[in-house]
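Worksheet: the structure to be examined is printed underneath.
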Amino acid sequence: MDFKGKNAMVTGGAQGLGLECVRRLADAGARVVIVDLNREAGERAAAALRDQGSKALALGCDVADSAAVAAMVADATAAWGGIDVLINSAGVSCPRDFLDTREEDMDLLYRINIKGTFLPSQQVARHMVQTQRGGSIVNISSVQAVVATEHAAYGMSKAAVGGLTRSMAMSLAPHRIRVNAVGAGTMKTPMLQAGIATNPAMEQALLARTPLGRFAEPSEMANVACFLASEEASFMTGQTVYVDGGRLAQNFSVPALRPA
Ligand SMILES: NC(=O)c1ccc[n+]([C@@H]2O[C@H](COP(=O)([O-])OP(=O)(O)OC[C@H]3O[C@@H](n4cnc5c(N)ncnc54)[C@H](O)[C@@H]3O)[C@@H](O)[C@H]2O)c1
């Protein structure tokens, strides 16, 4: 993959999958913009990339705040002269059973996972359309968009990302902007560590549903996200590619996480 001469923005780029995408894009020659609520972690990541000779900028931003996103995109385009690639990796989980899910959980997951994908995409796409530069947008969905756990708010939010991806692809195709998503299986990031810390049984339950018998390294997910963002995926748009260690293909599995 070659991103030389391209400017790439990654939301949630300070850690986990987002940070792996940032590293992959920078290694392939892109100028990168790390967007994250955690500005300090973003700054540290950008400084490490600059030390290695890459061009990297960190911007603090809540991706679900429309005014903040508009200002962030204006800053990023002013700094690098435009955006060619956007990867929307910012997201949160909510490991709460449907019966216990609160209205505020639904609001939070709607706000960050859905609106926080929509707003940067719309702002960046408007810029791409205005400058007639084309481009590529990659959203991060989950296997939970199509197979269920009891965690209703999260599954709902990731199913919505799939719908948003398809609509964006239709709207933006005439402008040479492709939009795809990665449907991630379970990967070793701080989000997973936090989930397992509060529910240790979850680790075995997840592995029992993963034919490859292990969790993904974030780099394995970033490889596919960056492929979708690259010219090598030039005829792909509107797709969600599931990178799940075989989970969706599996028929038999061990029942997981049922109350006694
Ligand atoms: N870890 C998994 O197993 C897994 C599986 C499927 C899908 N995903 C999805 O992958 C994406 C990345 O997850 P991860 O595991 O790297 O998570 P993570 O918690 O390790 O990293 C998420 C990053 O997003 C940032 N962020 C959160 N809210 C934000 C906001 N409002 N504005 C800006 N930045 C914000 C955080 O500060 C953090 O740096 C998420 O969309 C997640 O839902 C993760």
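How things are named: the first chain in the structure tokens is A, the next is B, and so on; residues count from 1 in each chain; ligands count from 1 in the order shown.
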
Within 7 Å of ligand 1, which residues of chain A come that close, and what is the closest atom pair and distance in Å for each? Count only C-alpha atoms and all ligand atoms and give it as a Markdown table.
| residue | atom | partner | partner_atom_place_in_ligand_line | distance |
| --- | --- | --- | --- | --- |
| A:Thr11 | CA | ligand 1 | 34 (N) | 6.0 |
| A:Gly12 | CA | ligand 1 | 24 (O) | 3.4 |
| A:Gly13 | CA | ligand 1 | 39 (O) | 5.9 |
| A:Ala14 | CA | ligand 1 | 39 (O) | 4.5 |
| A:Gln15 | CA | ligand 1 | 39 (O) | 4.5 |
| A:Gly16 | CA | ligand 1 | 16 (O) | 3.4 |
| A:Leu17 | CA | ligand 1 | 16 (O) | 3.8 |
| A:Gly18 | CA | ligand 1 | 16 (O) | 5.7 |
| A:Val35 | CA | ligand 1 | 33 (C) | 6.4 |
| A:Asp36 | CA | ligand 1 | 34 (N) | 3.8 |
| A:Leu37 | CA | ligand 1 | 33 (C) | 4.0 |
| A:Asn38 | CA | ligand 1 | 37 (O) | 4.9 |
| A:Cys61 | CA | ligand 1 | 33 (C) | 5.5 |
| A:Asp62 | CA | ligand 1 | 32 (N) | 3.6 |
| A:Val63 | CA | ligand 1 | 32 (N) | 4.1 |
| A:Ala64 | CA | ligand 1 | 31 (N) | 5.5 |
| A:Ser89 | CA | ligand 1 | 11 (C) | 4.5 |
| A:Ala90 | CA | ligand 1 | 24 (O) | 3.6 |
| A:Gly91 | CA | ligand 1 | 41 (O) | 3.7 |
| A:Val92 | CA | ligand 1 | 43 (O) | 5.3 |
| A:Ser93 | CA | ligand 1 | 43 (O) | 5.9 |
| A:Ile112 | CA | ligand 1 | 31 (N) | 5.2 |
| A:Asn113 | CA | ligand 1 | 41 (O) | 6.5 |
| A:Gly116 | CA | ligand 1 | 31 (N) | 6.5 |
| A:Ile140 | CA | ligand 1 | 41 (O) | 5.2 |
| A:Ser141 | CA | ligand 1 | 7 (C) | 5.7 |
| A:Ser142 | CA | ligand 1 | 6 (C) | 4.3 |
| A:Val143 | CA | ligand 1 | 6 (C) | 6.6 |
| A:Gly183 | CA | ligand 1 | 6 (C) | 6.8 |
| A:Ala184 | CA | ligand 1 | 6 (C) | 4.2 |
| A:Gly185 | CA | ligand 1 | 5 (C) | 5.0 |
| A:Thr186 | CA | ligand 1 | 3 (O) | 3.5 |
| A:Met187 | CA | ligand 1 | 3 (O) | 4.0 |
| A:Lys188 | CA | ligand 1 | 1 (N) | 6.0 |
| A:Thr189 | CA | ligand 1 | 15 (O) | 4.6 |
| A:Pro190 | CA | ligand 1 | 20 (O) | 4.2 |
| A:Met191 | CA | ligand 1 | 19 (O) | 4.1 |
| A:Leu192 | CA | ligand 1 | 1 (N) | 4.8 |

Output of the above residues as a short mmCIF file (atom, residue, chain, number, x, y, z; two decimals), in the first residue's frame, restricted to C-alpha atoms:
data_model
loop_
_atom_site.label_atom_id
_atom_site.label_comp_id
_atom_site.auth_asym_id
_atom_site.auth_seq_id
_atom_site.Cartn_x
_atom_site.Cartn_y
_atom_site.Cartn_z
CA THR A 11 -10.34 9.49 14.79
CA GLY A 12 -9.67 7.60 18.00
CA GLY A 13 -6.09 7.64 16.73
CA ALA A 14 -4.39 7.93 20.11
CA GLN A 15 -4.68 4.24 21.06
CA GLY A 16 -5.94 0.81 20.08
CA LEU A 17 -6.99 0.19 16.49
CA GLY A 18 -6.88 3.90 15.61
CA VAL A 35 -7.89 13.04 16.29
CA ASP A 36 -8.80 11.99 19.81
CA LEU A 37 -10.60 13.12 22.95
CA ASN A 38 -7.37 12.27 24.74
CA CYS A 61 -11.63 16.77 19.58
CA ASP A 62 -14.86 15.16 20.73
CA VAL A 63 -16.08 13.55 17.50
CA ALA A 64 -19.70 13.85 18.66
CA SER A 89 -12.06 4.48 14.78
CA ALA A 90 -13.26 6.50 17.81
CA GLY A 91 -15.80 4.43 19.69
CA VAL A 92 -16.91 3.15 23.07
CA SER A 93 -18.48 -0.09 24.26
CA ILE A 112 -20.17 8.53 20.12
CA ASN A 113 -20.44 5.48 17.87
CA GLY A 116 -19.25 10.45 16.16
CA ILE A 140 -15.20 0.76 12.10
CA SER A 141 -18.13 -1.54 12.70
CA SER A 142 -18.14 -4.88 14.51
CA VAL A 143 -19.29 -8.46 14.17
CA GLY A 183 -16.56 -5.34 10.84
CA ALA A 184 -14.06 -6.08 13.56
CA GLY A 185 -13.93 -9.27 15.56
CA THR A 186 -12.32 -9.22 18.97
CA MET A 187 -8.90 -7.57 19.11
CA LYS A 188 -6.38 -6.89 21.82
CA THR A 189 -6.90 -3.22 22.64
CA PRO A 190 -7.55 -1.26 25.85
CA MET A 191 -11.29 -1.57 25.08
CA LEU A 192 -11.08 -5.39 25.25
#

I need the residues of region 3-250 of chain A that end up classed as alpha helix (DSSP H) by DSSP on the backbone, written out as a ChimeraX atom specification. /A:16-27,39-51,66-80,103-109,116-131,152-172,190-198,201-207,218-229

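For the choices A:Ile196, A:Ala45, A:Ala216, A:Val129, the atom-to-atom distance to Arg176 (chain A) is smallest for A:Val129 when using only C-alpha atoms.
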
Smallest atom-to-atom distance to Leu248 (chain A): which of A:Ala159, A:Lys6, A:Phe227, A:Thr210, using only C-alpha atoms? A:Thr210

Nearest candidate to Ser136 (chain A) (options A:Ser66, A:Asn180, A:Ser157, A:Thr101; using only C-alpha atoms): A:Asn180

Polymer residues at most 12 Å from Gly163 (chain A), only C-alpha atoms, same-chain spacing of 6 or more positions, as a PyMOL selection string: chain A and resi 114+117-118+139+141+145-146+156-157+169-170+179-181+238-240

All residues 8 Å or closer to Phe3 (chain A), only C-alpha atoms, same chain fewer than 5 positions away omitted, as a PyMOL selection string: chain A and resi 25-26+28-30+230

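If you look at CA of Val73 (chain A) and CA of Ile87 (chain A), they are 13.3 Å away from each other.
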
From the DSSP assignment of the backbone, select every residue of region 85-238 of chain A that is strand (DSSP E or B), and format the answer as a PyMOL selection string. chain A and resi 85-88+135-142+177-184+187+216

The selected residues should be written to file as a PDB file, in the first residue's frame (atoms: C-alpha atoms).
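Okay, this is what ended up in part_9.pdb:
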ATOM      1  CA  VAL A  85      -8.406   9.514   3.768  1.00  0.00           C
ATOM      2  CA  LEU A  86     -10.557   9.356   6.899  1.00  0.00           C
ATOM      3  CA  ILE A  87     -10.691   6.348   9.224  1.00  0.00           C
ATOM      4  CA  ASN A  88     -13.364   6.637  11.929  1.00  0.00           C
ATOM      5  CA  GLY A 135     -11.063  10.248  -1.342  1.00  0.00           C
ATOM      6  CA  SER A 136     -11.762   7.282   0.842  1.00  0.00           C
ATOM      7  CA  ILE A 137     -13.559   6.881   4.178  1.00  0.00           C
ATOM      8  CA  VAL A 138     -13.413   3.771   6.376  1.00  0.00           C
ATOM      9  CA  ASN A 139     -15.764   3.263   9.308  1.00  0.00           C
ATOM     10  CA  ILE A 140     -15.199   0.758  12.098  1.00  0.00           C
ATOM     11  CA  SER A 141     -18.127  -1.537  12.698  1.00  0.00           C
ATOM     12  CA  SER A 142     -18.140  -4.877  14.509  1.00  0.00           C
ATOM     13  CA  ILE A 177     -15.295   9.145  -2.665  1.00  0.00           C
ATOM     14  CA  ARG A 178     -15.424   5.499  -1.584  1.00  0.00           C
ATOM     15  CA  VAL A 179     -16.869   4.477   1.794  1.00  0.00           C
ATOM     16  CA  ASN A 180     -16.374   1.068   3.379  1.00  0.00           C
ATOM     17  CA  ALA A 181     -16.278  -0.428   6.855  1.00  0.00           C
ATOM     18  CA  VAL A 182     -14.347  -3.009   8.798  1.00  0.00           C
ATOM     19  CA  GLY A 183     -16.559  -5.337  10.839  1.00  0.00           C
ATOM     20  CA  ALA A 184     -14.062  -6.078  13.563  1.00  0.00           C
ATOM     21  CA  MET A 187      -8.898  -7.574  19.108  1.00  0.00           C
ATOM     22  CA  ALA A 216      -6.677 -10.276  16.665  1.00  0.00           C
TER      23      ALA A 216
END

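Atom pair CA of Ala222 (chain A) / CA of Glu20 (chain A) has a distance of 5.9 Å (rounded to one decimal).
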
Excluding region 152-155 of chain A and its own-chain neighbours fewer than 3 positions away, which residues fall within 8 Å of it when counting only C-alpha atoms? Please give them as an NGL selection string. :A and (93-98 or 101 or 105-106 or 109 or 144-146 or 148-149 or 158-159)

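Atom pair CA of Val22 (chain A) / CA of Val10 (chain A) has a distance of 6.5 Å (rounded to one decimal).
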
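Nearest residue to Asp244 (chain A), choosing from A:Val224, A:Leu99, A:Ala47, A:Ala78 and counting only C-alpha atoms: A:Val224.
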
Write out as an mmCIF file with N, CA and C atoms, in the first residue's frame the residues lying within 12 Å of Asp27 (chain A), counting only C-alpha atoms and excluding same-chain residues fewer than 6 positions away.
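Result written to result_30.cif:
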data_model
loop_
_atom_site.group_PDB
_atom_site.id
_atom_site.type_symbol
_atom_site.label_atom_id
_atom_site.label_comp_id
_atom_site.auth_asym_id
_atom_site.auth_seq_id
_atom_site.Cartn_x
_atom_site.Cartn_y
_atom_site.Cartn_z
ATOM 1 N N MET A 1 0.841 -1.208 0.000
ATOM 2 C CA MET A 1 0.000 0.000 0.000
ATOM 3 C C MET A 1 0.872 1.253 0.000
ATOM 4 N N ASP A 2 0.474 2.206 -0.825
ATOM 5 C CA ASP A 2 1.271 3.419 -0.954
ATOM 6 C C ASP A 2 0.373 4.630 -0.666
ATOM 7 N N PHE A 3 0.728 5.383 0.371
ATOM 8 C CA PHE A 3 -0.038 6.596 0.699
ATOM 9 C C PHE A 3 0.829 7.847 0.546
ATOM 10 N N LYS A 4 1.900 7.729 -0.244
ATOM 11 C CA LYS A 4 2.774 8.902 -0.424
ATOM 12 C C LYS A 4 1.977 10.048 -1.053
ATOM 13 N N ALA A 8 -4.020 11.774 5.711
ATOM 14 C CA ALA A 8 -4.959 10.833 6.321
ATOM 15 C C ALA A 8 -5.308 11.259 7.739
ATOM 16 N N GLU A 20 -2.954 1.989 15.549
ATOM 17 C CA GLU A 20 -2.341 1.071 14.578
ATOM 18 C C GLU A 20 -2.565 1.556 13.148
ATOM 19 N N CYS A 21 -3.769 2.093 12.897
ATOM 20 C CA CYS A 21 -4.039 2.641 11.553
ATOM 21 C C CYS A 21 -3.117 3.827 11.270
ATOM 22 N N LEU A 49 5.901 9.531 16.061
ATOM 23 C CA LEU A 49 5.963 9.376 14.599
ATOM 24 C C LEU A 49 6.895 10.419 13.981
ATOM 25 N N ARG A 50 6.831 11.649 14.504
ATOM 26 C CA ARG A 50 7.732 12.691 13.963
ATOM 27 C C ARG A 50 9.188 12.304 14.207
ATOM 28 N N GLN A 52 10.384 9.491 14.088
ATOM 29 C CA GLN A 52 10.777 8.485 13.081
ATOM 30 C C GLN A 52 10.779 9.068 11.667
ATOM 31 N N GLY A 53 10.540 10.383 11.561
ATOM 32 C CA GLY A 53 10.618 11.024 10.248
ATOM 33 C C GLY A 53 9.283 11.183 9.539
ATOM 34 N N SER A 54 8.183 10.777 10.181
ATOM 35 C CA SER A 54 6.873 10.935 9.548
ATOM 36 C C SER A 54 6.315 12.327 9.831
ATOM 37 N N LYS A 55 5.331 12.717 9.032
ATOM 38 C CA LYS A 55 4.646 13.990 9.272
ATOM 39 C C LYS A 55 3.358 13.676 10.023
ATOM 40 N N ALA A 56 3.260 14.136 11.267
ATOM 41 C CA ALA A 56 2.112 13.774 12.110
ATOM 42 C C ALA A 56 1.687 14.960 12.951
ATOM 43 N N ASN A 223 -4.465 -3.450 8.987
ATOM 44 C CA ASN A 223 -4.077 -3.817 7.613
ATOM 45 C C ASN A 223 -5.275 -3.761 6.682
ATOM 46 N N CYS A 226 -6.671 -0.095 6.282
ATOM 47 C CA CYS A 226 -5.816 0.720 5.402
ATOM 48 C C CYS A 226 -5.895 0.227 3.953
#
